[in-house]
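Participant: What follows is data_38.cif, made up of mmCIF, C-alpha atoms:
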data_data
#
loop_
_atom_site.label_atom_id
_atom_site.label_comp_id
_atom_site.auth_asym_id
_atom_site.auth_seq_id
_atom_site.Cartn_x
_atom_site.Cartn_y
_atom_site.Cartn_z
CA MET A 25 26.60 15.38 15.69
CA LYS A 26 23.06 16.25 14.74
CA ARG A 27 24.40 17.93 11.65
CA TRP A 28 26.42 14.87 10.73
CA ILE A 29 23.31 12.74 10.95
CA ALA A 30 21.41 15.20 8.78
CA LEU A 31 24.20 15.02 6.20
CA ALA A 32 24.24 11.25 6.29
CA ALA A 33 20.47 11.21 5.90
CA ALA A 34 20.71 13.57 2.94
CA ALA A 35 23.35 11.31 1.40
CA ALA A 36 21.12 8.30 1.95
CA PHE A 37 18.26 10.10 0.22
CA ALA A 38 20.50 11.08 -2.66
CA ALA A 39 21.57 7.45 -3.01
CA CYS A 40 17.90 6.56 -3.29
CA THR A 41 17.20 8.97 -6.07
CA GLN A 42 20.26 8.17 -8.18
CA PRO A 43 19.19 6.76 -11.54
CA ALA A 44 19.79 3.07 -12.08
CA GLU A 45 22.92 2.13 -14.01
CA LYS A 46 22.46 1.98 -17.73
CA ALA A 47 22.31 -1.56 -19.05
CA GLU A 48 21.07 -3.38 -22.13
CA ALA A 49 18.78 -5.70 -20.23
CA PRO A 50 16.50 -4.63 -17.39
CA PRO A 51 18.57 -4.71 -14.22
CA PRO A 52 18.13 -7.89 -12.23
CA VAL A 53 16.28 -7.54 -8.97
CA SER A 54 18.75 -7.48 -6.15
CA VAL A 55 17.62 -9.67 -3.29
CA PRO A 56 19.28 -8.74 0.00
CA ALA A 57 17.79 -11.73 1.83
CA PRO A 58 20.11 -14.75 2.02
CA SER A 59 19.25 -18.30 0.99
CA GLY A 60 17.87 -20.59 3.64
CA GLU A 61 14.85 -21.80 5.57
CA TYR A 62 12.33 -19.10 6.45
CA ARG A 63 9.20 -19.21 8.56
CA LEU A 64 5.98 -17.41 7.72
CA ASP A 65 5.41 -14.37 9.95
CA PRO A 66 1.82 -14.93 11.11
CA ASN A 67 1.33 -11.35 12.33
CA HIS A 68 2.12 -9.74 8.98
CA SER A 69 0.71 -12.30 6.58
CA THR A 70 -2.92 -12.27 5.45
CA LEU A 71 -5.10 -14.58 3.38
CA VAL A 72 -8.25 -13.20 1.79
CA VAL A 73 -10.70 -15.33 -0.19
CA ARG A 74 -12.95 -13.61 -2.73
CA ALA A 75 -16.13 -15.43 -3.65
CA PRO A 76 -18.33 -13.91 -6.37
CA HIS A 77 -21.92 -13.76 -5.11
CA PHE A 78 -24.83 -13.80 -7.60
CA GLY A 79 -22.56 -12.19 -10.17
CA LEU A 80 -22.97 -8.96 -8.20
CA SER A 81 -20.02 -8.64 -5.84
CA SER A 82 -17.18 -10.71 -4.44
CA TYR A 83 -17.65 -11.55 -0.80
CA GLN A 84 -14.29 -11.18 0.93
CA LEU A 85 -13.52 -13.41 3.86
CA ARG A 86 -10.35 -14.13 5.74
CA PHE A 87 -8.41 -16.88 7.47
CA ASN A 88 -6.68 -15.54 10.56
CA THR A 89 -4.27 -18.36 11.41
CA LEU A 90 -1.57 -19.23 8.90
CA SER A 91 1.78 -20.95 9.15
CA GLY A 92 4.34 -21.87 6.58
CA ALA A 93 7.93 -22.42 5.57
CA LEU A 94 9.92 -21.11 2.66
CA ASN A 95 13.13 -22.67 1.43
CA PHE A 96 14.57 -19.71 -0.41
CA ASP A 97 17.36 -19.97 -2.97
CA ALA A 98 18.63 -16.45 -3.56
CA GLU A 99 20.97 -17.51 -6.39
CA ASN A 100 18.30 -19.43 -8.25
CA PRO A 101 14.84 -18.41 -6.96
CA ALA A 102 13.18 -20.99 -9.24
CA ARG A 103 14.68 -23.68 -7.01
CA SER A 104 12.91 -22.29 -3.96
CA SER A 105 9.98 -24.12 -2.40
CA VAL A 106 7.17 -23.12 -0.10
CA ALA A 107 4.57 -24.81 2.09
CA ILE A 108 1.63 -22.99 3.65
CA THR A 109 -0.87 -24.29 6.18
CA VAL A 110 -4.20 -22.57 6.81
CA ASP A 111 -6.18 -23.24 9.98
CA THR A 112 -9.68 -23.69 8.53
CA THR A 113 -11.24 -23.05 11.93
CA SER A 114 -9.85 -19.50 11.78
CA LEU A 115 -12.26 -18.53 8.99
CA ASP A 116 -13.50 -15.02 9.73
CA THR A 117 -16.21 -13.01 7.99
CA PRO A 118 -17.45 -9.56 9.00
CA TYR A 119 -21.00 -10.91 9.15
CA THR A 120 -22.87 -9.61 12.19
CA GLY A 121 -26.32 -11.13 11.66
CA GLN A 122 -28.23 -13.50 13.93
CA THR A 123 -26.68 -16.69 12.61
CA ASP A 124 -23.03 -17.63 13.09
CA PHE A 125 -21.93 -17.32 9.47
CA ASP A 126 -18.33 -18.26 10.29
CA ALA A 127 -19.54 -21.52 11.85
CA GLN A 128 -21.86 -22.17 8.92
CA LEU A 129 -18.99 -21.93 6.44
CA GLN A 130 -17.04 -24.43 8.56
CA ASN A 131 -19.82 -27.02 8.76
CA SER A 132 -19.77 -30.35 6.98
CA GLU A 133 -21.43 -28.93 3.86
CA TRP A 134 -18.69 -26.36 3.42
CA LEU A 135 -15.12 -26.57 4.75
CA ASP A 136 -15.84 -29.37 7.23
CA SER A 137 -13.30 -27.89 9.62
CA ALA A 138 -14.04 -30.44 12.35
CA THR A 139 -12.76 -33.24 10.10
CA HIS A 140 -10.26 -31.15 8.12
CA PRO A 141 -8.88 -28.46 10.44
CA THR A 142 -6.18 -27.50 7.96
CA ALA A 143 -5.85 -26.70 4.27
CA THR A 144 -2.35 -26.87 2.82
CA PHE A 145 -0.36 -25.85 -0.20
CA ARG A 146 2.97 -27.41 -1.14
CA SER A 147 4.82 -26.06 -4.11
CA THR A 148 6.14 -28.48 -6.71
CA SER A 149 7.60 -26.00 -9.20
CA VAL A 150 8.53 -22.33 -9.52
CA GLN A 151 8.64 -20.82 -12.97
CA GLN A 152 10.00 -17.30 -13.19
CA THR A 153 7.91 -15.06 -15.43
CA GLY A 154 9.66 -11.72 -14.88
CA PRO A 155 12.33 -9.95 -12.86
CA ARG A 156 10.17 -10.23 -9.76
CA THR A 157 7.27 -12.49 -10.73
CA ALA A 158 6.76 -16.25 -10.97
CA PHE A 159 4.16 -18.96 -11.32
CA VAL A 160 4.27 -21.15 -8.26
CA ALA A 161 2.54 -24.46 -8.90
CA GLY A 162 1.85 -27.10 -6.33
CA ASP A 163 -0.58 -29.34 -4.53
CA LEU A 164 -3.47 -27.65 -2.78
CA THR A 165 -5.36 -29.73 -0.23
CA ILE A 166 -8.80 -28.62 0.96
CA ARG A 167 -11.26 -30.95 2.73
CA GLY A 168 -8.62 -33.67 2.39
CA ILE A 169 -8.80 -33.47 -1.41
CA THR A 170 -5.55 -32.63 -3.20
CA ARG A 171 -5.56 -30.95 -6.59
CA PRO A 172 -2.93 -29.05 -8.55
CA ALA A 173 -3.13 -25.27 -8.20
CA ARG A 174 -1.07 -22.39 -9.50
CA PHE A 175 -0.47 -18.95 -8.06
CA ASP A 176 0.85 -15.75 -9.59
CA VAL A 177 3.51 -14.58 -7.18
CA THR A 178 5.24 -11.21 -6.97
CA TYR A 179 8.42 -10.72 -4.98
CA ASN A 180 7.88 -7.43 -3.12
CA GLY A 181 11.15 -6.95 -1.30
CA SER A 182 13.48 -8.25 1.35
CA TRP A 183 16.18 -7.24 3.80
CA ARG A 184 19.23 -8.99 5.15
CA GLN A 185 18.48 -7.59 8.58
CA HIS A 186 15.22 -6.20 9.92
CA PRO A 187 15.30 -2.39 9.60
CA ALA A 188 14.58 -1.92 13.30
CA GLY A 189 17.53 -4.08 14.26
CA PRO A 190 16.38 -7.58 15.27
CA PRO A 191 18.84 -10.21 13.94
CA ILE A 192 16.42 -11.64 11.40
CA SER A 193 16.24 -11.58 7.61
CA GLY A 194 12.90 -10.98 5.94
CA ILE A 195 11.35 -11.51 2.54
CA GLY A 196 7.84 -10.77 1.30
CA PHE A 197 5.55 -11.87 -1.51
CA SER A 198 2.07 -11.24 -2.88
CA ALA A 199 0.30 -14.26 -4.36
CA ARG A 200 -2.98 -14.66 -6.19
CA GLY A 201 -4.69 -17.66 -7.62
CA THR A 202 -8.09 -18.90 -8.69
CA ILE A 203 -9.42 -22.32 -7.81
CA ARG A 204 -12.57 -24.23 -8.69
CA ARG A 205 -14.12 -24.98 -5.33
CA SER A 206 -16.13 -27.89 -6.78
CA GLU A 207 -12.84 -29.76 -7.32
CA TYR A 208 -12.48 -29.84 -3.55
CA GLY A 209 -16.03 -31.00 -2.89
CA LEU A 210 -17.27 -27.47 -2.11
CA THR A 211 -20.45 -27.75 -4.14
CA VAL A 212 -22.97 -25.88 -1.98
CA LEU A 213 -24.78 -22.98 -3.70
CA GLN A 214 -23.12 -23.63 -7.04
CA PRO A 215 -24.57 -21.46 -9.80
CA THR A 216 -27.54 -23.30 -11.27
CA THR A 217 -29.15 -20.87 -13.67
CA GLY A 218 -26.11 -19.19 -15.20
CA PRO A 219 -23.24 -17.16 -13.83
CA ASN A 220 -25.55 -14.74 -12.06
CA SER A 221 -26.84 -17.23 -9.55
CA GLY A 222 -25.40 -18.78 -6.41
CA VAL A 223 -21.80 -18.46 -5.36
CA ALA A 224 -19.35 -18.81 -8.25
CA ASP A 225 -17.37 -22.02 -8.64
CA GLU A 226 -14.21 -20.03 -9.29
CA ILE A 227 -12.99 -18.27 -6.18
CA GLU A 228 -9.91 -16.15 -5.77
CA LEU A 229 -7.23 -16.59 -3.10
CA VAL A 230 -5.13 -13.54 -2.24
CA LEU A 231 -2.15 -14.17 0.02
CA GLU A 232 0.22 -11.54 1.37
CA ALA A 233 3.11 -13.37 2.97
CA GLU A 234 6.18 -12.32 4.93
CA PHE A 235 8.85 -14.81 5.92
CA ASN A 236 11.63 -14.45 8.50
CA ARG A 237 14.77 -16.33 9.42
CA PRO A 238 17.38 -15.76 12.13
CA ILE A 239 20.63 -14.36 10.80
CA ALA A 240 23.15 -17.18 10.98
CA ASP A 241 26.17 -15.03 11.80
CA ALA A 242 24.38 -12.82 14.30
CA PRO A 243 25.94 -12.73 17.79
CA VAL A 244 25.34 -16.04 19.52
CA PRO A 245 22.63 -15.60 22.17
CA PRO A 246 23.49 -16.48 25.77
CA PRO A 247 23.36 -20.25 26.29
CA ASP A 248 20.33 -20.09 28.58
CA ARG A 249 18.19 -18.51 25.89
CA GLU A 250 16.56 -20.02 22.85
CA PRO A 251 17.45 -18.23 19.61
CA VAL A 252 14.86 -15.61 18.72
CA ASN A 253 12.92 -16.63 15.67
CA MET B 24 20.52 10.12 19.52
CA ARG B 25 19.85 6.44 19.45
CA ALA B 26 16.48 7.20 17.85
CA SER B 27 18.23 9.19 15.15
CA ILE B 28 20.50 6.30 14.28
CA VAL B 29 17.56 3.93 14.18
CA ALA B 30 15.73 6.39 11.93
CA LEU B 31 18.78 6.61 9.71
CA THR B 32 19.06 2.83 9.52
CA ILE B 33 15.42 2.65 8.51
CA LEU B 34 15.96 5.36 5.95
CA ILE B 35 18.90 3.57 4.39
CA SER B 36 17.27 0.16 4.44
CA GLY B 37 14.24 1.88 2.90
CA CYS B 38 16.42 2.53 -0.14
CA THR B 39 17.10 -1.13 -0.71
CA THR B 40 13.44 -2.05 -0.74
CA ALA B 41 12.29 1.09 -2.53
CA ALA B 42 14.19 -0.13 -5.58
CA GLY B 43 11.37 -2.44 -6.46
CA ASP B 44 8.50 -0.04 -5.92
CA GLY B 45 8.24 0.90 -9.58
CA ASP B 46 7.08 -2.62 -10.17
CA ARG B 47 4.04 -2.77 -7.97
CA PRO B 48 1.58 -5.64 -8.03
CA PRO B 49 -1.43 -4.98 -10.26
CA PRO B 50 -4.45 -3.29 -8.74
CA PHE B 51 -6.20 -5.61 -6.37
CA THR B 52 -9.50 -5.88 -8.20
CA GLY B 53 -8.20 -5.31 -11.69
CA THR B 54 -10.76 -2.58 -12.19
CA ASN B 55 -8.43 0.00 -13.66
CA ALA B 56 -10.60 0.47 -16.69
CA VAL B 57 -9.24 1.88 -19.89
CA ALA B 58 -10.85 5.29 -20.02
CA ALA B 59 -11.65 5.07 -23.71
CA ALA B 60 -13.86 7.72 -25.17
CA VAL B 61 -17.09 5.85 -25.56
CA ALA B 62 -19.07 7.33 -28.44
CA GLU B 63 -22.06 5.10 -27.91
CA LEU B 64 -22.19 3.84 -24.40
CA PRO B 65 -22.92 0.13 -24.44
CA ALA B 66 -25.69 -1.32 -22.38
CA TYR B 67 -25.26 -2.13 -18.73
CA PRO B 68 -24.19 -5.72 -17.96
CA THR B 69 -27.70 -6.68 -16.94
CA SER B 70 -31.06 -7.45 -18.42
CA VAL B 71 -32.85 -6.21 -15.31
CA ASP B 72 -34.59 -2.83 -15.32
CA LEU B 73 -32.73 -0.30 -13.21
CA PRO B 74 -35.26 1.83 -11.36
CA ALA B 75 -34.13 5.34 -10.48
CA GLY B 76 -34.03 6.29 -6.83
CA THR B 77 -32.40 5.40 -3.57
CA TYR B 78 -30.50 2.18 -2.92
CA ARG B 79 -29.06 1.23 0.44
CA LEU B 80 -25.87 -0.70 1.00
CA ASP B 81 -26.59 -4.24 2.17
CA PRO B 82 -24.08 -4.71 5.00
CA ARG B 83 -24.43 -8.50 4.82
CA HIS B 84 -23.21 -8.44 1.24
CA ALA B 85 -20.53 -5.81 1.44
CA THR B 86 -16.90 -5.97 2.50
CA VAL B 87 -14.41 -3.14 2.90
CA ILE B 88 -10.77 -4.07 3.14
CA PHE B 89 -7.62 -2.02 3.04
CA ARG B 90 -4.02 -2.88 2.33
CA ILE B 91 -0.91 -1.14 3.52
CA ARG B 92 2.72 -1.87 2.70
CA HIS B 93 4.60 -3.31 5.67
CA ILE B 94 8.40 -2.67 5.66
CA GLY B 95 8.47 -3.11 1.90
CA LEU B 96 7.58 -6.79 2.19
CA ALA B 97 3.84 -7.28 1.75
CA TRP B 98 0.45 -5.58 1.62
CA PHE B 99 -0.82 -6.11 5.14
CA THR B 100 -4.59 -6.51 4.80
CA ALA B 101 -7.27 -5.52 7.30
CA ARG B 102 -10.92 -4.58 7.09
CA PHE B 103 -13.78 -2.54 8.49
CA ASP B 104 -16.68 -4.57 9.86
CA ALA B 105 -19.33 -1.83 10.05
CA GLU B 106 -20.21 0.12 6.95
CA ALA B 107 -23.18 2.00 5.54
CA GLY B 108 -24.00 3.63 2.24
CA GLU B 109 -26.70 5.19 0.15
CA LEU B 110 -26.73 5.46 -3.61
CA THR B 111 -29.11 7.70 -5.53
CA LEU B 112 -29.14 6.17 -8.98
CA ASP B 113 -29.91 7.97 -12.20
CA PRO B 114 -29.96 5.12 -14.72
CA GLU B 115 -30.41 7.51 -17.66
CA ASP B 116 -27.29 9.49 -16.80
CA PRO B 117 -25.21 7.65 -14.20
CA SER B 118 -22.87 10.62 -13.88
CA ARG B 119 -25.75 12.36 -12.09
CA SER B 120 -25.96 9.61 -9.50
CA ARG B 121 -24.80 10.34 -5.97
CA LEU B 122 -23.16 8.20 -3.31
CA THR B 123 -22.54 8.63 0.37
CA ALA B 124 -20.80 5.88 2.30
CA SER B 125 -19.10 5.44 5.63
CA VAL B 126 -17.20 2.97 7.76
CA ASP B 127 -16.95 3.00 11.53
CA ALA B 128 -13.26 3.56 12.34
CA ASN B 129 -13.79 1.61 15.57
CA SER B 130 -14.84 -1.45 13.58
CA VAL B 131 -11.37 -1.91 12.11
CA ASN B 132 -10.46 -5.58 12.27
CA THR B 133 -6.94 -6.89 11.67
CA GLY B 134 -7.53 -10.41 12.95
CA ILE B 135 -4.60 -9.94 15.32
CA LEU B 136 -5.19 -10.71 18.98
CA ASN B 137 -2.85 -10.09 21.87
CA ARG B 138 -1.69 -12.84 24.22
CA ASN B 139 -4.88 -12.51 26.25
CA GLY B 140 -7.01 -12.96 23.14
CA GLU B 141 -8.01 -9.27 23.13
CA ARG B 142 -8.28 -6.97 20.13
CA ALA B 143 -5.77 -4.50 21.55
CA PHE B 144 -4.11 -3.92 18.19
CA ASP B 145 -7.45 -3.09 16.57
CA ARG B 146 -7.99 -0.41 19.21
CA GLN B 147 -4.54 0.99 18.49
CA VAL B 148 -5.30 1.12 14.76
CA ALA B 149 -8.66 2.82 15.40
CA ARG B 150 -6.87 5.47 17.48
CA ALA B 151 -4.30 5.91 14.73
CA LEU B 152 -7.14 6.46 12.25
CA GLY B 153 -8.44 9.26 14.43
CA ALA B 154 -11.57 7.43 15.62
CA GLU B 155 -11.78 9.73 18.63
CA ARG B 156 -12.01 12.79 16.36
CA THR B 157 -13.98 11.25 13.51
CA GLN B 158 -15.67 8.00 14.40
CA HIS B 159 -17.23 7.50 10.98
CA VAL B 160 -14.90 7.79 8.02
CA THR B 161 -17.25 9.16 5.35
CA PHE B 162 -17.15 9.53 1.59
CA THR B 163 -19.44 11.86 -0.34
CA SER B 164 -19.31 11.75 -4.11
CA THR B 165 -18.69 14.96 -6.04
CA ALA B 166 -18.24 13.59 -9.57
CA ILE B 167 -18.94 10.36 -11.44
CA GLU B 168 -17.36 9.96 -14.84
CA ARG B 169 -18.30 6.94 -16.90
CA THR B 170 -15.16 5.32 -18.33
CA GLY B 171 -16.58 2.28 -20.11
CA ALA B 172 -19.53 -0.01 -20.56
CA HIS B 173 -19.77 -0.69 -16.88
CA THR B 174 -16.95 1.24 -15.28
CA ALA B 175 -16.71 4.71 -13.82
CA ARG B 176 -14.31 6.99 -12.03
CA LEU B 177 -15.85 8.10 -8.75
CA THR B 178 -14.46 11.21 -7.08
CA GLY B 179 -15.55 12.55 -3.73
CA ASN B 180 -14.63 13.99 -0.38
CA LEU B 181 -13.23 11.62 2.19
CA THR B 182 -13.38 12.72 5.81
CA MET B 183 -11.10 11.02 8.30
CA ASN B 184 -9.25 12.13 11.41
CA GLY B 185 -11.05 15.48 11.32
CA GLN B 186 -9.86 16.31 7.82
CA THR B 187 -11.58 16.26 4.45
CA HIS B 188 -9.69 15.68 1.22
CA PRO B 189 -10.59 14.34 -2.22
CA ALA B 190 -10.30 10.65 -3.02
CA THR B 191 -10.94 8.75 -6.23
CA PHE B 192 -12.13 5.21 -6.84
CA ASP B 193 -12.29 3.11 -9.99
CA VAL B 194 -15.69 1.48 -9.88
CA THR B 195 -17.04 -1.51 -11.78
CA PHE B 196 -20.76 -2.11 -12.00
CA ALA B 197 -21.01 -5.90 -12.02
CA GLY B 198 -24.71 -6.10 -12.70
CA ALA B 199 -28.16 -6.14 -11.18
CA ALA B 200 -30.65 -8.76 -10.07
CA VAL B 201 -34.13 -8.93 -8.64
CA ASP B 202 -33.56 -10.96 -5.51
CA PRO B 203 -36.50 -12.86 -3.99
CA LEU B 204 -34.44 -13.30 -0.81
CA ARG B 205 -34.26 -9.54 -0.44
CA GLY B 206 -37.94 -8.76 -0.81
CA GLY B 207 -37.99 -9.09 -4.59
CA ARG B 208 -36.12 -5.80 -4.80
CA THR B 209 -33.55 -4.75 -7.34
CA VAL B 210 -29.99 -5.30 -6.14
CA LEU B 211 -26.97 -3.61 -7.72
CA GLY B 212 -23.44 -4.96 -7.39
CA PHE B 213 -20.26 -2.88 -7.44
CA SER B 214 -16.52 -3.28 -6.96
CA ALA B 215 -14.43 -0.24 -6.11
CA TYR B 216 -10.69 0.23 -5.85
CA GLY B 217 -8.90 3.36 -4.73
CA VAL B 218 -5.55 4.42 -3.35
CA ILE B 219 -5.07 7.23 -0.86
CA ASP B 220 -2.05 8.72 0.85
CA ARG B 221 -3.00 8.46 4.53
CA THR B 222 -0.62 11.24 5.53
CA HIS B 223 -2.86 13.76 3.71
CA TRP B 224 -5.36 13.11 6.50
CA GLY B 225 -2.67 13.36 9.16
CA VAL B 226 -2.74 9.60 9.72
CA SER B 227 0.97 8.95 10.02
CA GLU B 228 1.30 6.41 12.84
CA TRP B 229 3.95 3.68 12.35
CA SER B 230 5.35 5.50 9.32
CA ALA B 231 8.72 3.83 9.93
CA PHE B 232 7.13 0.46 9.23
CA ALA B 233 3.99 1.10 7.21
CA GLY B 234 3.84 2.97 3.92
CA PRO B 235 1.81 6.13 3.28
CA GLU B 236 -0.17 4.47 0.50
CA VAL B 237 -3.38 2.69 1.42
CA GLN B 238 -5.21 0.52 -1.08
CA ILE B 239 -8.95 0.40 -0.46
CA VAL B 240 -10.90 -2.53 -1.88
CA ILE B 241 -14.69 -2.43 -1.65
CA GLU B 242 -17.19 -5.03 -2.77
CA ALA B 243 -20.76 -3.92 -2.19
CA GLU B 244 -24.36 -4.69 -3.06
CA PHE B 245 -27.04 -2.03 -2.85
CA VAL B 246 -30.75 -2.82 -2.44
CA LYS B 247 -33.53 -0.59 -3.78
CA SER B 248 -35.27 1.19 -0.92
#
Let me see the file written as structure tokens.

Facilitator:
Amino acid sequence: MKRWIALAAAAAFAACTQPAEKAEAPPPVSVPAPSGEYRLDPNHSTLVVRAPHFGLSSYQLRFNTLSGALNFDAENPARSSVAITVDTTSLDTPYTGQTDFDAQLQNSEWLDSATHPTATFRSTSVQQTGPRTAFVAGDLTIRGITRPARFDVTYNGSWRQHPAGPPISGIGFSARGTIRRSEYGLTVLQPTTGPNSGVADEIELVLEAEFNRPIADAPVPPPDREPVN
Amino acid sequence: MRASIVALTILISGCTTAAGDGDRPPPFTGTNAVAAAVAELPAYPTSVDLPAGTYRLDPRHATVIFRIRHIGLAWFTARFDAEAGELTLDPEDPSRSRLTASVDANSVNTGILNRNGERAFDRQVARALGAERTQHVTFTSTAIERTGAHTARLTGNLTMNGQTHPATFDVTFAGAAVDPLRGGRTVLGFSAYGVIDRTHWGVSEWSAFAGPEVQIVIEAEFVKS
């Protein structure tokens, strides 16, 4: 039995290393994940914000609490849509000084998290730019101010069923975009004497996002249990 | 037996996602400089004098994050909260500069809390990094090769989990400033991006779910001592 498994494993490896079929055009990306509504997996998704400081380095901070939904169209990915919500009170820097830097960045001068506890993005269009890349444009709302924003998105991979067995499909993306914080009323410490002063107006958002959905034709769970999501 | 089948399933499903790996997202910081032969090295991107000598990493203006591929879907991103570094700068010949830097493996911070609001997962990651054997993951430069006007390839020895192996970073020197808020001292700003294979250091925990490749993204300011 052990030997059979070893053989099967070897065959699986060989399948991996087989060269792609010859074709005139680059082979289309095969997407194992089915169409449907997906939910953002909060434990495997991360949002980093990079803010250039004095033209010297980009300070990297994080938002720890994200949620979101993806309506994925596997046949025509450009017809997919996505909505992401960021809990602005989950802002998290590694700062360990005397002052509470996280709280400072949430005060009324900055994110004003007490009044605006969420920031949201809702896509309005998806324009494919390559076999696995797209521009995703939409409405970004920060501090209650909505402006158009665009992200460069890369499709990383997906599976019809989670490799460890749970009856869920998964799909993952990397997204990057640059916004002008002044457009959202974030005008504190704007550069005053050239690019090498203050905190840059243009800041970068880097999102790594995984989405899951229950497999529709998976065995029906016992009636006393809620479906696992 | 059951474990073998699970392993096999993972192996096979790994194939389906591995198909896309030739088409990786671009480097995180975009600092992969073209290593053109620079006949006359252009000036640094600063008008500030660069005094030779020792500069210390300013932990309040430095962030160290790392990214690791999770089941082929995304680059899970975490960070180290405690870091230190010392740069000995030779502004005449930057290739003769030296850098030592470290992060505290126990300061790893994923932002993930358990149901009781505890950082149990961070402790697991620290153990996986070998924090009990080597608390401070250290990097000591062995070679600095200038690749452009303000870029360099930084090679050194990285010690983690009781093992030392070479690691290379692409570094961008963003510029310098004399900062009144930091005692009127000269401050240097750098971005660094490097990729290591964690299994070289024997860090192979969760290899069924997390890739061997680790992207390291460092943004750091150094203040003249």

Participant: Within 10 Å of range 151-156 of chain B, counting only C-alpha atoms, which residues show up once you throw out same-chain ones fewer than 2 positions away? Write them as a list of chain:residue names, please.

Facilitator: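 The neighbour list is B:Asp127, B:Ala128, B:Asn129, B:Ser130, B:Val131, B:Asp145, B:Arg146, B:Gln147, B:Val148, B:Ala149, B:Gln158, B:His159, B:Val160, B:Met183, B:Asn184, B:Gly185, B:Gln186, B:Arg221, B:Trp224, B:Gly225, B:Val226, B:Ser227, B:Glu228, B:Trp229.
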
Participant: Taking the file as shown, what set of residues would the PyMOL selection byres ((chain B and resi 78-85) around 8) give back, as a PyMOL selection string?

Facilitator: (chain A and resi 81+83+119-121) or (chain B and resi 76-77+86-87+105-112+241-248)

Participant: Emit the selected residues as an mmCIF file, keeping the file's coordinate frame, including C-alpha atoms.

Facilitator:
data_model
loop_
_atom_site.group_PDB
_atom_site.id
_atom_site.type_symbol
_atom_site.label_atom_id
_atom_site.label_comp_id
_atom_site.auth_asym_id
_atom_site.auth_seq_id
_atom_site.Cartn_x
_atom_site.Cartn_y
_atom_site.Cartn_z
ATOM 1 C CA SER A 81 -20.020 -8.640 -5.840
ATOM 2 C CA TYR A 83 -17.650 -11.550 -0.800
ATOM 3 C CA TYR A 119 -21.000 -10.910 9.150
ATOM 4 C CA THR A 120 -22.870 -9.610 12.190
ATOM 5 C CA GLY A 121 -26.320 -11.130 11.660
ATOM 6 C CA GLY B 76 -34.030 6.290 -6.830
ATOM 7 C CA THR B 77 -32.400 5.400 -3.570
ATOM 8 C CA THR B 86 -16.900 -5.970 2.500
ATOM 9 C CA VAL B 87 -14.410 -3.140 2.900
ATOM 10 C CA ALA B 105 -19.330 -1.830 10.050
ATOM 11 C CA GLU B 106 -20.210 0.120 6.950
ATOM 12 C CA ALA B 107 -23.180 2.000 5.540
ATOM 13 C CA GLY B 108 -24.000 3.630 2.240
ATOM 14 C CA GLU B 109 -26.700 5.190 0.150
ATOM 15 C CA LEU B 110 -26.730 5.460 -3.610
ATOM 16 C CA THR B 111 -29.110 7.700 -5.530
ATOM 17 C CA LEU B 112 -29.140 6.170 -8.980
ATOM 18 C CA ILE B 241 -14.690 -2.430 -1.650
ATOM 19 C CA GLU B 242 -17.190 -5.030 -2.770
ATOM 20 C CA ALA B 243 -20.760 -3.920 -2.190
ATOM 21 C CA GLU B 244 -24.360 -4.690 -3.060
ATOM 22 C CA PHE B 245 -27.040 -2.030 -2.850
ATOM 23 C CA VAL B 246 -30.750 -2.820 -2.440
ATOM 24 C CA LYS B 247 -33.530 -0.590 -3.780
ATOM 25 C CA SER B 248 -35.270 1.190 -0.920
#

Participant: Do a neighbour search on Ile167 in chain B at 7 Å with all atoms listed in the file, toss out local chain neighbours closer than 6 positions, and write the hits as a ChimeraX atom specification.

Facilitator: /B:118,175-178

Participant: Expand the PyMOL selection byres ((chain A and resi 56) around 10) into the individual residues it matches in the shown file, reporting them as a list in words.

Facilitator: Val53, Ser54, Val55, Ala57, Pro58, Ser59, Ala98, Gly181, Ser182, Trp183, Arg184, Gln185, Ser193, Gly194 and Ile195 of chain A; Thr39 and Thr40 of chain B

Participant: Take the residues from that selection and put them in a file with C-alpha atoms, as a CSV table (one decimal), in the coordinates of the input.

Facilitator:
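And here's again05.csv as it stands now:
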chain,number,residue,atom,x,y,z
A,53,VAL,CA,16.3,-7.5,-9.0
A,54,SER,CA,18.8,-7.5,-6.2
A,55,VAL,CA,17.6,-9.7,-3.3
A,57,ALA,CA,17.8,-11.7,1.8
A,58,PRO,CA,20.1,-14.8,2.0
A,59,SER,CA,19.2,-18.3,1.0
A,98,ALA,CA,18.6,-16.4,-3.6
A,181,GLY,CA,11.2,-7.0,-1.3
A,182,SER,CA,13.5,-8.2,1.4
A,183,TRP,CA,16.2,-7.2,3.8
A,184,ARG,CA,19.2,-9.0,5.2
A,185,GLN,CA,18.5,-7.6,8.6
A,193,SER,CA,16.2,-11.6,7.6
A,194,GLY,CA,12.9,-11.0,5.9
A,195,ILE,CA,11.4,-11.5,2.5
B,39,THR,CA,17.1,-1.1,-0.7
B,40,THR,CA,13.4,-2.0,-0.7

Participant: Could you name the residues that touch Val237 in chain B at 12 Å or less, counting only C-alpha atoms, but leaving out those on the same chain fewer than 2 positions away, as an NGL selection string?

Facilitator: :B and (50-51 or 88-93 or 98-102 or 190 or 216-224 or 226-227 or 233-235 or 239-240)

Participant: Could you please select, counting all atoms listed in the file, the residues of chain A within 7 Å of chain B and state them as a VMD selection string?

Facilitator: chain A and resid 33 36 40 67 to 70 79 to 84 88 118 to 119 178 180 to 182 187 to 188 195 to 198 232 to 234

Participant: I need the residue set behind the PyMOL selection byres ((chain A and resi 154) around 12) for this file; please write it as a count of residues only.

Facilitator: 20

Participant: Take every atom of range 123-130 of chain B listed in the file, fit an axis-aligned box around them, add 4 Å per side, and give the centre and edge lengths in Å to one decimal as lines of an AutoDock Vina configuration file.

Facilitator:
center_x = -17.9
center_y = 3.6
center_z = 8.0
size_x = 17.3
size_y = 18.1
size_z = 23.2
